[in-house]
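Here the structure comes first, spelled out in structure tokens, and everything after it is commentary.
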Amino acid sequence: MAPVLEKKLLGAAGAGDTMENNNEEEEGQNLWTSILSEVSTRSSSKLPSGKNILVFGEDGSGKTTLMAKLQGTDHNKKGRGLEYLYLNVHDEDRDDQTRCNVWILDGDLYHKGLLKFAVSTESLHDSLAVFVVDMSRPWTIMESLLKWASVLRDHVDKLKIPPEEMREMEQNMVKAFQEYTEPEDATPSSPQRRAQPAGGDDEDVVLPLGENTLTHNLGIPVLIVCTKCDAIAVLEKEHDFREEHFDFIQSHVRRFCLQYGAGLIYTSVKEEKNVDLLYKYVVHKVYDFQFTTPALVVEKDAVFIPSGWDNEKKIGILHENFTTVRPEDPFEDFVMQPPVRKLVHDKEVNAEDEQVFLMKQQSMLGKQPATPTRGATESPGRTASGSPRPTGRTGQPNVASVSPMTAVKKPDPNMKGAAANEGVLANFFNSLLSKKTGAPGSPGSATGSPGPGVQGSAKKTGQKPGLTDVQAELDRMTRKPDSMVSANNTPPPTENEA
């Protein structure tokens with residue numbers, strides 16, 4: 001009996017060892033299963049590749065500069081045709097990184113055909129359209145938005161996407177617009193990734209779209225970026241833009257955003273305003289990262305309106321401040337380009353060479369007639385303007401006024417040159433002496449006709465002893481042309497000839 005019992009005990013012990021081995025194998029399989037499931041989960045939750053950002057805008061609007069700023073580099077080169085950049089996107093939650101393609105189309109419509117290299121039928125649903133407008137030239141904003149939206153619409157139509165797929169993309173846009181919630185109401189399940197909607201979300205009330213909302217649905221998300229918003233202060237200072245102008249601009253842009261279901265953001269690379277916010281919103285729209293920034297409408301140069309937040313009533317708040325314009329007025333009638341001020345250098349006057357100028361002056365002086373009697377004619381002019389005596393003296397004004405006038409007559413051109421010059425000098429000095437030595441009460445000035453002899457006696461009557469020699473010399477000089485000067489005592493027809 002003992003051997004049988006021993007065999008049974010050994011058999012029971014062997015069965016226990018087999019069960020332990022099976023449990024270990026099951027635990028090992030469960031461990032590998034969990035590892036494989038974790039790896040597969042990580043692989044499926046990696047950031048997708050092949051996402052695209054399409055950038056449209058006019059030349060000089062700051063497209064490349066803005067995208068380079070988002071990339072973290074300085075890009076001062078101006079590209080042509082179709083530029084390519086990329087953004088490094090890092091997922092901190094999953095510790096994953098990927099690249100987002102950025103395609104920048106040239107501002108010339110001639111290059112719009114290059115879009116076929118950036119967007120295809122397969123990659124359209126992974127794309128985000130960005131329309132860049134320049135706030136330093138606000139009168140071009142609406143025209144630019146309409147032009148580039150038309151370019152994108154034409155390209156999407158040429159892709160010939162199946163109607164069912166296109167309709168599904170448009171419905172996704174409508175759903176995303178309607179399901180927008182304020183960031184404070186969102187559940188922060190993860191620091192970066194947004195939580196997946198639960199099954200009870202179907203019970204949430206979805207508001208219907210407005211009358212002018214998503215009327216131009218492109219099937220892809222759209223973002224409007226206003227660059228160079230630091231120029232608002234310059235427009236106010238130099239071009240008399242008022243608060244009403246910027247409210248009017250914002251009103252038109254926001255209504256355009258409603259039609260395309262787009263977001264709106266004002267940025268300034270120069271002042272680094274809203275640049276980080278733009279990056280966060282872009283990766284939110286492309287990679288579905290969590291976004292916690294609400295709408296910003298207080299500061300006129302830092303506006304941010306996410307897609308789905310805006311409606312006609314909120315835009316109507318801007319219209320309450322309109323005083324000189326109506327909301328339905330054409331954009332170009334109120335936001336007009338200021339007149340171009342002509343610069344000074346457009347009418348620059350070149351200075352003439354100094355030597356050329358002097359030569360011209362010399363030739364002009366050579367053409368003028370010689371006036372050797374200028375000194376003799378100016379002095380009698382001064383005596384003819386008034387009495388030669390000091391004011392307050394009494395006497396005959398006729399003698400005093402006639403005496404110098406008889407001495408200033410032009411010499412006869414028939415006279416010889418030497419005699420004429422001596423006569424002119426004598427007349428000049430006689431006029432000076434008559435001013436200084438003429439006595440108002442002298443006998444020569446009281447009676448007699450204004451002849452040469454009377455003139456000489458009148459001068460000699462009141463002259464001072466120190467002037468005798470001078471008078472004798474002047475008499476000698478006037479002795480030769482005396483007959484010719486006496487013949488000219490009669491005044492000429494005009495005084496100007498003297």
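Chain lettering (A, B, ...) mirrors the order of the structure tokens, residue numbering begins at 1 for each chain separately, and ligand numbering begins at 1 in order of display.
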Show me, as a VMD selection string, the residues that have an atom within 9 Å of Ala262 in chain A when counting only C-alpha atoms, minus same-chain residues fewer than 3 positions from it.
chain A and resid 214 221 to 224 254 256 to 259 305 to 308
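Taking CA of Phe177 in chain A and CA of Leu218 in chain A as the two end points, the separation is 13.2 Å.
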Contact residues around Val286 in chain A with only C-alpha atoms at 12 Å, ignoring same-chain residues under 5 positions, as a PDB file with N, CA, C and O atoms, in the first residue's frame:
```
ATOM      1  N   LEU A  47       1.953  62.169 -34.438  1.00  0.00           N
ATOM      2  CA  LEU A  47       1.505  63.301 -35.239  1.00  0.00           C
ATOM      3  C   LEU A  47       1.510  62.934 -36.708  1.00  0.00           C
ATOM      4  O   LEU A  47       2.493  62.381 -37.214  1.00  0.00           O
ATOM      5  N   PRO A  48       0.461  63.209 -37.412  1.00  0.00           N
ATOM      6  CA  PRO A  48       0.432  62.852 -38.837  1.00  0.00           C
ATOM      7  C   PRO A  48       1.369  63.741 -39.649  1.00  0.00           C
ATOM      8  O   PRO A  48       1.617  64.895 -39.302  1.00  0.00           O
ATOM      9  N   SER A  49       1.887  63.198 -40.687  1.00  0.00           N
ATOM     10  CA  SER A  49       2.748  63.948 -41.601  1.00  0.00           C
ATOM     11  C   SER A  49       1.958  64.308 -42.859  1.00  0.00           C
ATOM     12  O   SER A  49       0.878  63.781 -43.108  1.00  0.00           O
ATOM     13  N   GLY A  50       2.502  65.215 -43.628  1.00  0.00           N
ATOM     14  CA  GLY A  50       1.841  65.594 -44.868  1.00  0.00           C
ATOM     15  C   GLY A  50       0.830  66.715 -44.725  1.00  0.00           C
ATOM     16  O   GLY A  50       0.075  66.987 -45.668  1.00  0.00           O
ATOM     17  N   LYS A  51       0.784  67.386 -43.582  1.00  0.00           N
ATOM     18  CA  LYS A  51      -0.108  68.528 -43.425  1.00  0.00           C
ATOM     19  C   LYS A  51       0.461  69.731 -44.177  1.00  0.00           C
ATOM     20  O   LYS A  51       1.677  69.926 -44.246  1.00  0.00           O
ATOM     21  N   ASN A  52      -0.423  70.569 -44.721  1.00  0.00           N
ATOM     22  CA  ASN A  52       0.003  71.687 -45.560  1.00  0.00           C
ATOM     23  C   ASN A  52      -0.651  72.988 -45.096  1.00  0.00           C
ATOM     24  O   ASN A  52      -1.812  72.998 -44.679  1.00  0.00           O
ATOM     25  N   ILE A  53       0.105  74.061 -45.207  1.00  0.00           N
ATOM     26  CA  ILE A  53      -0.408  75.410 -44.988  1.00  0.00           C
ATOM     27  C   ILE A  53      -0.195  76.181 -46.276  1.00  0.00           C
ATOM     28  O   ILE A  53       0.944  76.324 -46.751  1.00  0.00           O
ATOM     29  N   LEU A  54      -1.267  76.680 -46.855  1.00  0.00           N
ATOM     30  CA  LEU A  54      -1.217  77.431 -48.102  1.00  0.00           C
ATOM     31  C   LEU A  54      -1.348  78.920 -47.775  1.00  0.00           C
ATOM     32  O   LEU A  54      -2.326  79.333 -47.163  1.00  0.00           O
ATOM     33  N   LEU A  87       7.353  74.090 -40.749  1.00  0.00           N
ATOM     34  CA  LEU A  87       7.283  74.387 -39.326  1.00  0.00           C
ATOM     35  C   LEU A  87       7.540  73.113 -38.540  1.00  0.00           C
ATOM     36  O   LEU A  87       6.959  72.061 -38.848  1.00  0.00           O
ATOM     37  N   VAL A  89       6.763  71.016 -35.544  1.00  0.00           N
ATOM     38  CA  VAL A  89       5.667  70.886 -34.589  1.00  0.00           C
ATOM     39  C   VAL A  89       6.027  69.789 -33.605  1.00  0.00           C
ATOM     40  O   VAL A  89       6.306  68.638 -33.995  1.00  0.00           O
ATOM     41  N   ARG A  99       6.907  67.653 -39.149  1.00  0.00           N
ATOM     42  CA  ARG A  99       7.070  68.873 -39.936  1.00  0.00           C
ATOM     43  C   ARG A  99       5.773  69.188 -40.672  1.00  0.00           C
ATOM     44  O   ARG A  99       5.126  68.294 -41.224  1.00  0.00           O
ATOM     45  N   CYS A 100       5.443  70.447 -40.658  1.00  0.00           N
ATOM     46  CA  CYS A 100       4.261  70.920 -41.378  1.00  0.00           C
ATOM     47  C   CYS A 100       4.720  71.722 -42.595  1.00  0.00           C
ATOM     48  O   CYS A 100       5.490  72.695 -42.461  1.00  0.00           O
ATOM     49  N   ASN A 101       4.272  71.343 -43.766  1.00  0.00           N
ATOM     50  CA  ASN A 101       4.688  72.009 -44.996  1.00  0.00           C
ATOM     51  C   ASN A 101       4.006  73.374 -45.129  1.00  0.00           C
ATOM     52  O   ASN A 101       2.807  73.517 -44.851  1.00  0.00           O
ATOM     53  N   VAL A 102       4.771  74.363 -45.555  1.00  0.00           N
ATOM     54  CA  VAL A 102       4.252  75.712 -45.776  1.00  0.00           C
ATOM     55  C   VAL A 102       4.550  76.100 -47.221  1.00  0.00           C
ATOM     56  O   VAL A 102       5.715  76.153 -47.638  1.00  0.00           O
ATOM     57  N   HIS A 125      -7.665  67.797 -48.075  1.00  0.00           N
ATOM     58  CA  HIS A 125      -8.332  67.697 -46.783  1.00  0.00           C
ATOM     59  C   HIS A 125      -7.355  67.856 -45.614  1.00  0.00           C
ATOM     60  O   HIS A 125      -7.783  68.003 -44.465  1.00  0.00           O
ATOM     61  N   ASP A 126      -6.032  67.822 -45.895  1.00  0.00           N
ATOM     62  CA  ASP A 126      -5.014  68.033 -44.852  1.00  0.00           C
ATOM     63  C   ASP A 126      -4.409  69.432 -44.950  1.00  0.00           C
ATOM     64  O   ASP A 126      -3.280  69.653 -44.485  1.00  0.00           O
ATOM     65  N   SER A 127      -5.122  70.371 -45.510  1.00  0.00           N
ATOM     66  CA  SER A 127      -4.568  71.699 -45.782  1.00  0.00           C
ATOM     67  C   SER A 127      -5.309  72.776 -44.998  1.00  0.00           C
ATOM     68  O   SER A 127      -6.486  72.630 -44.640  1.00  0.00           O
ATOM     69  N   LEU A 128      -4.597  73.866 -44.732  1.00  0.00           N
ATOM     70  CA  LEU A 128      -5.134  75.068 -44.108  1.00  0.00           C
ATOM     71  C   LEU A 128      -4.794  76.248 -45.001  1.00  0.00           C
ATOM     72  O   LEU A 128      -3.625  76.437 -45.377  1.00  0.00           O
ATOM     73  N   ALA A 129      -5.781  77.044 -45.365  1.00  0.00           N
ATOM     74  CA  ALA A 129      -5.567  78.214 -46.212  1.00  0.00           C
ATOM     75  C   ALA A 129      -5.409  79.456 -45.338  1.00  0.00           C
ATOM     76  O   ALA A 129      -6.212  79.703 -44.439  1.00  0.00           O
ATOM     77  N   VAL A 130      -4.362  80.238 -45.610  1.00  0.00           N
ATOM     78  CA  VAL A 130      -4.078  81.470 -44.874  1.00  0.00           C
ATOM     79  C   VAL A 130      -4.029  82.619 -45.871  1.00  0.00           C
ATOM     80  O   VAL A 130      -3.195  82.613 -46.786  1.00  0.00           O
ATOM     81  N   ILE A 220     -12.140  73.374 -46.468  1.00  0.00           N
ATOM     82  CA  ILE A 220     -10.921  73.356 -45.656  1.00  0.00           C
ATOM     83  C   ILE A 220     -10.946  74.577 -44.743  1.00  0.00           C
ATOM     84  O   ILE A 220     -11.588  75.591 -45.052  1.00  0.00           O
ATOM     85  N   PRO A 221     -10.272  74.514 -43.588  1.00  0.00           N
ATOM     86  CA  PRO A 221     -10.249  75.680 -42.697  1.00  0.00           C
ATOM     87  C   PRO A 221      -9.495  76.848 -43.316  1.00  0.00           C
ATOM     88  O   PRO A 221      -8.528  76.660 -44.068  1.00  0.00           O
ATOM     89  N   VAL A 222      -9.951  78.054 -42.994  1.00  0.00           N
ATOM     90  CA  VAL A 222      -9.381  79.282 -43.551  1.00  0.00           C
ATOM     91  C   VAL A 222      -9.048  80.213 -42.394  1.00  0.00           C
ATOM     92  O   VAL A 222      -9.781  80.288 -41.399  1.00  0.00           O
ATOM     93  N   LEU A 223      -7.953  80.927 -42.540  1.00  0.00           N
ATOM     94  CA  LEU A 223      -7.517  81.886 -41.525  1.00  0.00           C
ATOM     95  C   LEU A 223      -7.104  83.185 -42.220  1.00  0.00           C
ATOM     96  O   LEU A 223      -6.343  83.159 -43.206  1.00  0.00           O
ATOM     97  N   TYR A 279       0.823  80.969 -33.995  1.00  0.00           N
ATOM     98  CA  TYR A 279       1.384  79.614 -34.097  1.00  0.00           C
ATOM     99  C   TYR A 279       0.509  78.599 -33.366  1.00  0.00           C
ATOM    100  O   TYR A 279       0.231  77.501 -33.874  1.00  0.00           O
ATOM    101  N   LYS A 280       0.069  78.954 -32.164  1.00  0.00           N
ATOM    102  CA  LYS A 280      -0.767  78.028 -31.399  1.00  0.00           C
ATOM    103  C   LYS A 280      -2.086  77.751 -32.104  1.00  0.00           C
ATOM    104  O   LYS A 280      -2.583  76.618 -32.099  1.00  0.00           O
ATOM    105  N   TYR A 281      -2.665  78.790 -32.713  1.00  0.00           N
ATOM    106  CA  TYR A 281      -3.950  78.574 -33.385  1.00  0.00           C
ATOM    107  C   TYR A 281      -3.774  77.747 -34.658  1.00  0.00           C
ATOM    108  O   TYR A 281      -4.651  76.939 -35.009  1.00  0.00           O
ATOM    109  N   PHE A 291      -6.579  74.359 -27.439  1.00  0.00           N
ATOM    110  CA  PHE A 291      -6.391  75.808 -27.562  1.00  0.00           C
ATOM    111  C   PHE A 291      -7.234  76.489 -26.497  1.00  0.00           C
ATOM    112  O   PHE A 291      -8.448  76.252 -26.394  1.00  0.00           O
TER     113      PHE A 291
END
```
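Here the question is which of A:Lys175, A:Lys228, A:Lys285, A:Lys237 gets nearest to Thr65 in chain A using only C-alpha atoms, and that residue is A:Lys228.
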